[in-house]
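*Asks:* Have a look at the structure that comes next, please.
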Amino acid sequence: MSLREKVYQMFFVTPEQLGGSYPVTSPIDFADRPVGGVLCMGANLETQSQTRNMLTKTQENAMQNGVGVFLAVDEEGGKVARCAYKLGTTPFDGMAVYGARNDYNEAFYIGQTIGRDIKSLGFNVDFAPVADVDISPTNELGDRIFSADPEVCANMVSGVVRGLNSSGVAATLKHFPGLGAEDGNTHTESSIMINRTYEQLRNTEFVPFKSGIQAGSDFVMVGHQKVSCFGDDLPADLSYTAVTTMLRGELGFNGIAITDAQVMNTISNVYYSSTAAKMSVKAGIDMILSPEDLDMAANAIIEAVKTGEISEERINESVTRILTVKQKMGLLS
């Protein structure tokens, strides 16, 4: 793969970011931008047959280059369920309802059912489950979180992960290092600081993430929240401490670390797409989700490699993780 091809593999974008009028509901062409992943939102989904046709042909287009594409949707159940709302797949309540029962088998069933539903449409990645712990009543997630008890969250998260995996769909733990203690909203505000000590993180937020990693989650989504004990005043997805020291080192995660959407205000209001992209890579991130300007972000990384600011070995590390998961999915020809 050329440097350009490798760098574009590190991006996960919406169909609209690859061109076309809003909303894109037809197959996507990767000739100009061979990105590693595509995230469909509700507007991209009209009917089951349209979705199946769009995703099947999109995957065929990607495979022409020898490397298939991750096709993802946010399908958590509850209020974040694009396919259930738009396409009539199996609906579920908010995850807090199931967390109150703390039944591992029920969690597995949820993951397995959602996995089967979205796999039948052509998706191979689910941006779920939420692995946050419900600490602050003012966090933005509400009943998307299983419980205020980290052990309950760990039990339910591991069940959903294994259920998704059993259906051939990759799970994504989110929003590392934990959004549950947040007071605010990373979508709309320019900065979110979470005041936590390392001991608090280890005893609470990290517990469900560890469980989900041990259950075999292929992705961990790193959020935009700043964490006081890290001491770097950086959104977690731009923080070497968060991604490399904590997620990779302490929690032992060897899969794909992906940012939350960088079009969100905590990134786009503060950093140029080029700056955020380079900082993400330096922090240890493998895939950048929805930068505000895809080409600006990709070109900045390419240029940084050419000037020696970022080593090509660092790019190869991420691309190897990406291709390892794709090989497991049968996405390499």
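Naming works like this for the structure tokens: A, B, ... for the chains as they're shown, residue 1 at the start of each chain, ligands 1 onward in shown order.
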Which residues are near Val222 in chain A? Cut-off 10 Å, only C-alpha atoms, ignore same chain within fewer than 2 positions. Put them as a list in words.

*Replies:*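 That gives Leu173, Lys174, His175, Phe176, Pro177, Gly178, Leu179, Phe219, Val220, His224, Gln225, Pro235, Ala236, Asp237, Leu238, Ser239, Ala242, Val243, Leu247, Ala257, Ile258, Thr259, Asp260, Ala261, Ile285 and Ile288 of chain A.
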
*Asks:* If we count only C-alpha atoms and set the cut-off at 6 Å, which residues sit around Val263 in chain A, ignoring sequence neighbours fewer than 5 positions away in its own chain? Please answer as a VMD selection string.

*Replies:* chain A and resid 268 290 to 292

*Asks:* May I have the residues from that selection written out with all heavy atoms, as a JSON list (two decimals), in the first residue's frame?

*Replies:*
```
[["chain", "number", "residue", "atom", "x", "y", "z"],
["A", 268, "SER", "N", -13.80, 20.40, 16.96],
["A", 268, "SER", "CA", -13.87, 21.32, 15.81],
["A", 268, "SER", "C", -13.89, 22.79, 16.21],
["A", 268, "SER", "O", -13.48, 23.65, 15.43],
["A", 268, "SER", "CB", -15.09, 20.99, 14.94],
["A", 268, "SER", "OG", -16.29, 21.15, 15.67],
["A", 290, "SER", "N", -14.89, 10.90, 11.46],
["A", 290, "SER", "CA", -15.56, 12.13, 11.01],
["A", 290, "SER", "C", -14.82, 13.41, 11.36],
["A", 290, "SER", "O", -15.31, 14.25, 12.12],
["A", 290, "SER", "CB", -16.98, 12.19, 11.59],
["A", 290, "SER", "OG", -17.77, 11.16, 11.06],
["A", 291, "PRO", "N", -13.62, 13.60, 10.79],
["A", 291, "PRO", "CA", -12.98, 14.91, 10.95],
["A", 291, "PRO", "C", -13.81, 15.96, 10.23],
["A", 291, "PRO", "O", -14.56, 15.63, 9.30],
["A", 291, "PRO", "CB", -11.62, 14.72, 10.26],
["A", 291, "PRO", "CG", -11.88, 13.66, 9.23],
["A", 291, "PRO", "CD", -12.89, 12.73, 9.84],
["A", 292, "GLU", "N", -13.66, 17.20, 10.66],
["A", 292, "GLU", "CA", -14.46, 18.26, 10.01],
["A", 292, "GLU", "C", -14.09, 18.38, 8.53],
["A", 292, "GLU", "O", -14.96, 18.61, 7.69],
["A", 292, "GLU", "CB", -14.23, 19.60, 10.73],
["A", 292, "GLU", "CG", -15.19, 20.68, 10.29],
["A", 292, "GLU", "CD", -15.09, 21.93, 11.14],
["A", 292, "GLU", "OE1", -13.98, 22.27, 11.59],
["A", 292, "GLU", "OE2", -16.13, 22.57, 11.36]]
```

*Asks:* In Å to one decimal, how far is CA of Gln262 in chain A from CA of Ser280 in chain A?

*Replies:*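 Going from CA of Ser280 in chain A over to CA of Gln262 in chain A, I get 10.2 Å.
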
*Asks:* Please identify which residues in range 162-331 of chain A DSSP calls helix (DSSP H, G or I) from the backbone, and express them as a ChimeraX atom specification.

*Replies:* /A:162-166,198-214,228-230,236-238,240-250,265-268,273-283,294-307,312-328

*Asks:* Determine which residues of range 36-254 of chain A DSSP labels as strand (DSSP E or B) from the backbone of this structure, then write them out as a PyMOL selection string.

*Replies:* chain A and resi 37-40+67+70-73+75-77+80-81+125-126+130+170+172-176+193-194+219-222+226-227

*Asks:* Please produce an output containing N, CA, C and O atoms for each residue in the selection, written as a tab-separated table (two decimals), in the first residue's frame.

*Replies:*
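Output file result25.tsv is given in full below:
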```tsv
chain	number	residue	atom	x	y	z
A	37	GLY	N	-13.24	3.09	6.86
A	37	GLY	CA	-14.57	2.81	7.40
A	37	GLY	C	-15.58	3.87	7.02
A	37	GLY	O	-15.23	5.03	6.78
A	38	VAL	N	-16.85	3.46	6.97
A	38	VAL	CA	-17.97	4.36	6.69
A	38	VAL	C	-19.02	4.17	7.77
A	38	VAL	O	-19.40	3.03	8.09
A	39	LEU	N	-19.48	5.27	8.35
A	39	LEU	CA	-20.52	5.26	9.36
A	39	LEU	C	-21.82	5.79	8.76
A	39	LEU	O	-21.87	6.95	8.32
A	40	CYS	N	-22.85	4.97	8.74
A	40	CYS	CA	-24.15	5.41	8.24
A	40	CYS	C	-25.00	5.97	9.38
A	40	CYS	O	-25.07	5.39	10.47
A	67	VAL	N	-8.96	-4.34	-0.39
A	67	VAL	CA	-9.20	-4.14	1.04
A	67	VAL	C	-10.64	-3.67	1.23
A	67	VAL	O	-11.02	-2.60	0.74
A	70	PHE	N	-14.88	-1.16	6.68
A	70	PHE	CA	-15.75	-1.27	7.84
A	70	PHE	C	-17.02	-0.48	7.57
A	70	PHE	O	-16.96	0.69	7.16
A	71	LEU	N	-18.17	-1.11	7.78
A	71	LEU	CA	-19.46	-0.45	7.59
A	71	LEU	C	-20.17	-0.46	8.94
A	71	LEU	O	-20.56	-1.51	9.44
A	72	ALA	N	-20.30	0.73	9.53
A	72	ALA	CA	-20.75	0.83	10.92
A	72	ALA	C	-22.07	1.59	11.03
A	72	ALA	O	-22.44	2.39	10.16
A	73	VAL	N	-22.74	1.34	12.14
A	73	VAL	CA	-23.94	2.08	12.51
A	73	VAL	C	-23.94	2.20	14.03
A	73	VAL	O	-23.37	1.36	14.73
A	75	GLU	N	-25.93	1.45	16.81
A	75	GLU	CA	-27.12	0.65	17.15
A	75	GLU	C	-26.94	0.12	18.56
A	75	GLU	O	-26.49	-1.00	18.78
A	76	GLU	N	-27.25	0.98	19.53
A	76	GLU	CA	-27.09	0.62	20.93
A	76	GLU	C	-28.33	-0.05	21.51
A	76	GLU	O	-28.27	-0.73	22.51
A	77	GLY	N	-29.48	0.20	20.88
A	77	GLY	CA	-30.76	-0.03	21.53
A	77	GLY	C	-31.21	1.25	22.19
A	77	GLY	O	-30.46	2.23	22.27
A	80	VAL	N	-30.74	5.41	20.82
A	80	VAL	CA	-29.69	5.43	19.79
A	80	VAL	C	-29.76	4.11	19.03
A	80	VAL	O	-29.10	3.13	19.39
A	81	ALA	N	-30.63	4.07	18.03
A	81	ALA	CA	-30.89	2.83	17.29
A	81	ALA	C	-31.38	3.20	15.90
A	81	ALA	O	-32.58	3.23	15.63
A	125	VAL	N	-19.74	-3.53	11.72
A	125	VAL	CA	-19.27	-2.89	12.96
A	125	VAL	C	-20.46	-2.20	13.62
A	125	VAL	O	-21.25	-1.52	12.95
A	126	ASP	N	-20.59	-2.36	14.92
A	126	ASP	CA	-21.58	-1.62	15.69
A	126	ASP	C	-20.84	-0.70	16.66
A	126	ASP	O	-19.97	-1.16	17.40
A	130	VAL	N	-22.21	1.02	25.03
A	130	VAL	CA	-21.73	2.06	25.94
A	130	VAL	C	-21.15	1.37	27.17
A	130	VAL	O	-21.83	0.57	27.83
A	170	ALA	N	-18.35	-6.58	14.72
A	170	ALA	CA	-17.36	-6.06	15.67
A	170	ALA	C	-18.01	-5.07	16.62
A	170	ALA	O	-18.77	-4.19	16.20
A	172	THR	N	-17.81	-2.07	19.70
A	172	THR	CA	-17.03	-0.86	19.99
A	172	THR	C	-17.36	-0.38	21.39
A	172	THR	O	-18.49	0.04	21.67
A	173	LEU	N	-16.41	-0.44	22.29
A	173	LEU	CA	-16.62	0.08	23.64
A	173	LEU	C	-16.48	1.60	23.61
A	173	LEU	O	-15.53	2.13	23.04
A	174	LYS	N	-17.40	2.30	24.24
A	174	LYS	CA	-17.33	3.76	24.25
A	174	LYS	C	-17.87	4.29	25.58
A	174	LYS	O	-18.67	3.62	26.21
A	175	HIS	N	-17.36	5.44	26.08
A	175	HIS	CA	-16.50	6.45	25.46
A	175	HIS	C	-15.28	6.60	26.35
A	175	HIS	O	-15.32	7.38	27.30
A	176	PHE	N	-14.22	5.81	26.11
A	176	PHE	CA	-13.03	5.77	26.95
A	176	PHE	C	-12.42	7.18	27.09
A	176	PHE	O	-12.38	7.94	26.12
A	193	MET	N	-14.19	19.01	31.14
A	193	MET	CA	-13.19	18.49	32.08
A	193	MET	C	-13.86	17.58	33.08
A	193	MET	O	-14.86	17.94	33.71
A	194	ILE	N	-13.34	16.36	33.23
A	194	ILE	CA	-13.84	15.42	34.22
A	194	ILE	C	-12.81	15.34	35.35
A	194	ILE	O	-11.64	15.03	35.10
A	219	PHE	N	-12.93	-2.81	18.82
A	219	PHE	CA	-12.76	-1.36	18.81
A	219	PHE	C	-12.97	-0.80	20.21
A	219	PHE	O	-13.80	-1.30	20.96
A	220	VAL	N	-12.23	0.26	20.52
A	220	VAL	CA	-12.55	1.12	21.66
A	220	VAL	C	-12.61	2.55	21.13
A	220	VAL	O	-11.67	3.02	20.48
A	221	MET	N	-13.73	3.21	21.38
A	221	MET	CA	-13.89	4.62	20.98
A	221	MET	C	-13.42	5.52	22.12
A	221	MET	O	-13.90	5.39	23.25
A	222	VAL	N	-12.50	6.42	21.80
A	222	VAL	CA	-11.95	7.33	22.80
A	222	VAL	C	-12.66	8.68	22.66
A	222	VAL	O	-12.75	9.23	21.57
A	226	LYS	N	-11.68	15.81	28.70
A	226	LYS	CA	-10.40	15.95	29.39
A	226	LYS	C	-10.54	15.32	30.77
A	226	LYS	O	-11.62	15.34	31.36
A	227	VAL	N	-9.45	14.75	31.28
A	227	VAL	CA	-9.48	14.12	32.60
A	227	VAL	C	-8.41	14.78	33.47
A	227	VAL	O	-7.23	14.84	33.08
```

*Asks:* Could you list, as a ChimeraX atom specification, every residue within 9 Å of range 108-117 of chain A, counting only C-alpha atoms and ignoring same-chain residues fewer than 4 positions away?

*Replies:* /A:75-77,83,89-92,103-104,121,123-126,128-129,156-171

*Asks:* Please identify all polymer residues within 8 Å of Gly99 in chain A, counting only C-alpha atoms, omitting same-chain residues fewer than 6 positions from it, and present them as JSON, numbers by chain.

*Replies:* {"A": [146, 147, 152, 153, 156]}

*Asks:* For the residues in the current selection, export C-alpha atoms as a PDB file, in the first residue's frame.

*Replies:*
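Resulting contents of result.pdb:
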```
ATOM      1  CA  PHE A 146     -26.329   0.221  32.066  1.00  0.00           C
ATOM      2  CA  SER A 147     -25.782   1.189  35.694  1.00  0.00           C
ATOM      3  CA  VAL A 152     -22.997  -4.437  36.658  1.00  0.00           C
ATOM      4  CA  CYS A 153     -21.752  -2.428  33.683  1.00  0.00           C
ATOM      5  CA  MET A 156     -23.613  -6.405  30.780  1.00  0.00           C
TER       6      MET A 156
END
```

*Asks:* May I ask which of the residues A:Asn53, A:Asn155, A:Gln327, A:Gly255 is the closest one to Ser26 in chain A, counting only C-alpha atoms?

*Replies:* A:Asn53

*Asks:* In Å, with one decimal, what is the gap from CA of Glu313 in chain A to CA of Thr245 in chain A?

*Replies:*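 Answer for the CA of Glu313 in chain A to CA of Thr245 in chain A separation: 18.7 Å.
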
*Asks:* When distances are computed from only C-alpha atoms, which of A:Ser228, A:Ser49, A:Gln214, A:Asn139 shows the smallest separation from Glu182 in chain A?

*Replies:*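 Closest to Glu182 in chain A, using only C-alpha atoms: A:Asn139.
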
*Asks:* Can you tell me, as a list in words, what residues are no more than 9 Å from Leu251 in chain A when counting only C-alpha atoms, ignoring any on the same chain fewer than 4 positions away?

*Replies:*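 Selected residues are Phe206, Phe209, Lys210, Ile213, Thr245, Met246 and Leu247 of chain A.
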
*Asks:* Mind pulling up the distance from CA of Lys328 in chain A to CA of Glu312 in chain A?

*Replies:*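 Interatomic distance, CA of Glu312 in chain A to CA of Lys328 in chain A: 24.1 Å.
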
*Asks:* When you look at Asp286 in chain A with a cut-off of 8 Å (counting only C-alpha atoms), what residues show up, excluding the ones that are within fewer than 3 positions of it in the same chain? I need them as a PDB file with N, CA, C and O atoms, in the first residue's frame.

*Replies:*
```pdb
ATOM      1  N   MET A  10      -6.928   5.008   7.803  1.00  0.00           N
ATOM      2  CA  MET A  10      -7.052   5.426   9.197  1.00  0.00           C
ATOM      3  C   MET A  10      -8.224   6.376   9.431  1.00  0.00           C
ATOM      4  O   MET A  10      -8.367   6.921  10.529  1.00  0.00           O
ATOM      5  N   ILE A 256      -8.361  -1.835  17.724  1.00  0.00           N
ATOM      6  CA  ILE A 256      -8.410  -0.548  17.028  1.00  0.00           C
ATOM      7  C   ILE A 256      -8.947   0.538  17.963  1.00  0.00           C
ATOM      8  O   ILE A 256     -10.090   0.469  18.423  1.00  0.00           O
ATOM      9  N   ALA A 257      -8.119   1.534  18.235  1.00  0.00           N
ATOM     10  CA  ALA A 257      -8.544   2.705  19.008  1.00  0.00           C
ATOM     11  C   ALA A 257      -9.040   3.754  18.028  1.00  0.00           C
ATOM     12  O   ALA A 257      -8.300   4.197  17.145  1.00  0.00           O
ATOM     13  N   ILE A 258     -10.300   4.124  18.148  1.00  0.00           N
ATOM     14  CA  ILE A 258     -10.919   5.090  17.238  1.00  0.00           C
ATOM     15  C   ILE A 258     -11.388   6.298  18.036  1.00  0.00           C
ATOM     16  O   ILE A 258     -11.808   6.166  19.194  1.00  0.00           O
ATOM     17  N   VAL A 281      -2.940  10.810  15.994  1.00  0.00           N
ATOM     18  CA  VAL A 281      -1.977   9.775  15.604  1.00  0.00           C
ATOM     19  C   VAL A 281      -0.823   9.712  16.610  1.00  0.00           C
ATOM     20  O   VAL A 281      -0.401   8.629  17.034  1.00  0.00           O
ATOM     21  N   SER A 318      -0.783   1.247  13.114  1.00  0.00           N
ATOM     22  CA  SER A 318      -2.242   1.388  13.073  1.00  0.00           C
ATOM     23  C   SER A 318      -2.843   0.610  11.914  1.00  0.00           C
ATOM     24  O   SER A 318      -3.869  -0.070  12.063  1.00  0.00           O
ATOM     25  N   VAL A 319      -2.216   0.700  10.753  1.00  0.00           N
ATOM     26  CA  VAL A 319      -2.756   0.005   9.580  1.00  0.00           C
ATOM     27  C   VAL A 319      -2.712  -1.504   9.797  1.00  0.00           C
ATOM     28  O   VAL A 319      -3.633  -2.231   9.382  1.00  0.00           O
ATOM     29  N   ARG A 321      -3.104  -3.019  12.685  1.00  0.00           N
ATOM     30  CA  ARG A 321      -4.257  -3.345  13.538  1.00  0.00           C
ATOM     31  C   ARG A 321      -5.550  -3.357  12.723  1.00  0.00           C
ATOM     32  O   ARG A 321      -6.401  -4.240  12.898  1.00  0.00           O
ATOM     33  N   ILE A 322      -5.700  -2.375  11.850  1.00  0.00           N
ATOM     34  CA  ILE A 322      -6.904  -2.274  11.014  1.00  0.00           C
ATOM     35  C   ILE A 322      -7.015  -3.491  10.098  1.00  0.00           C
ATOM     36  O   ILE A 322      -8.072  -4.141  10.014  1.00  0.00           O
TER      37      ILE A 322
END
```

*Asks:* So that I can check the surroundings of Glu140 in chain A, please list as a VMD selection string every protein, DNA and RNA residue that reaches within 9 Å of it, counting only C-alpha atoms and ignoring chain neighbours fewer than 6 positions away.

*Replies:* chain A and resid 179 to 180 182 to 186

*Asks:* Using only C-alpha atoms, which residue out of A:Arg82, A:Arg4, A:His187, A:Lys119 lies closest to Arg52 in chain A?

*Replies:*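 For Arg52 in chain A, the nearest of the candidates is A:Lys119.
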